[in-house]
Amino acid sequence: MKRNLFITCALGLLSGAFSAQASNNPWEYYRMGGNYSSAYSTRYDSNFGMSIKGMYGFHSGNDYGIDMPDLYGAQLGLHANIPSGSVFHELSFNLGALTGSKTYGGELKWKQQVFPFTAGYSFNVPLSDSATFYLGGKIGFHYYKQELSGGGEKASESDSSGTYSALIGFKFAVAEKTDLVIGYEITKYWSDVDPYHFLSLIHISEPTRPISIS
């Protein structure tokens, strides 16, 4: 309800404005006696790793007759990898910082800041020695702040609400401890607003170190 009033205010201002790992085979480092599944499970041990991801999101809907600003920013994550045969499961905690703004009719400016905090799960399937497919989701909450200005007037609000996402993508081993991940996420921030679509432009993660076996 509060957001509906905020968007109604935006439409009013808008109306007024108009009128006025690097080797040939990076996985070789993790092999154990030529057994691929053992090497994979060793690399993705249940210890924690870290990741950082650059994100760009766009809004495909046209809620209340107005396009919402695109969002861009970064997400920091902590993850644990749990091996299960030749696949592995990833559990994560993620903290993001996103911002974006848009000007309508040369008068009204809408600025948004979104800070999501989520827990995630993904199912990971190796496709080759260097490529992995993943599918999963995230759920949590987000804090947001937005501001509308135009025609000498300004309105702002901040609040928090739940959020959830579905994600899909590919991981590529580029170094001994680094993956490049390219992915897609569809994220719902507000119940009365269509979801955002995010592209993971750059995602570099540091997998857990292999266990030394004597």
# chains A, B, ... in the order shown; residues from 1 in each chain; ligands from 1
>>> select_by_dssp(residues="segment 29-181 of chain A", states="strand (DSSP E)", output="MDAnalysis selection string")
chainID A and resid 48:59 71:84 87:104 108:126 131:150 153:175 178:181
>>> residues_around(residues="Gly169 of chain A", least_positions_apart="2", cutoff="12 Å", atoms="only C-alpha atoms", output="VMD selection string")
chain A and resid 122 to 125 131 to 137 166 to 167 171 to 172 180 to 186 198 to 203
>>> closest_residue(among="A:Thr187, A:Gln146, A:Thr118, A:Ser101", to="Asp70 of chain A", atoms="only C-alpha atoms")
A:Ser101
>>> closest_residue(among="A:Pro83, A:Gly140, A:Pro69, A:Gly77", to="Trp110 of chain A", atoms="only C-alpha atoms")
A:Pro69
>>> residues_around(residues="Gly96 of chain A", least_positions_apart="3", cutoff="12 Å", atoms="only C-alpha atoms", output="list in words")
Ser51, Ile52, Lys53, Gly54, Met55, Tyr56, Leu71, Tyr72, Gly73, Ala74, Gln75, Leu76, Gly77, Leu78, Phe93, Thr99, Gln113, Val114, Phe115, Pro116, Phe117, Thr118, Ala119, Gly140, Phe141, His142, Tyr143 and Tyr144 of chain A
>>> atom_distance(atom1="atom CA of Leu108 of chain A", atom2="atom CA of Tyr164 of chain A")
29.6 Å
>>> closest_residue(among="A:Ala155, A:Ile168, A:Leu98, A:Leu91", to="Phe58 of chain A", atoms="only C-alpha atoms")
A:Leu98
>>> atom_distance(atom1="atom CA of Pro195 of chain A", atom2="atom CA of His59 of chain A")
6.7 Å
>>> atom_distance(atom1="atom CA of Ser86 of chain A", atom2="atom CA of Leu127 of chain A")
10.4 Å
>>> residues_around(residues="Ser60 of chain A", least_positions_apart="5", cutoff="10 Å", atoms="only C-alpha atoms", output="number ranges by chain")
A: 67-68, 70, 194-197
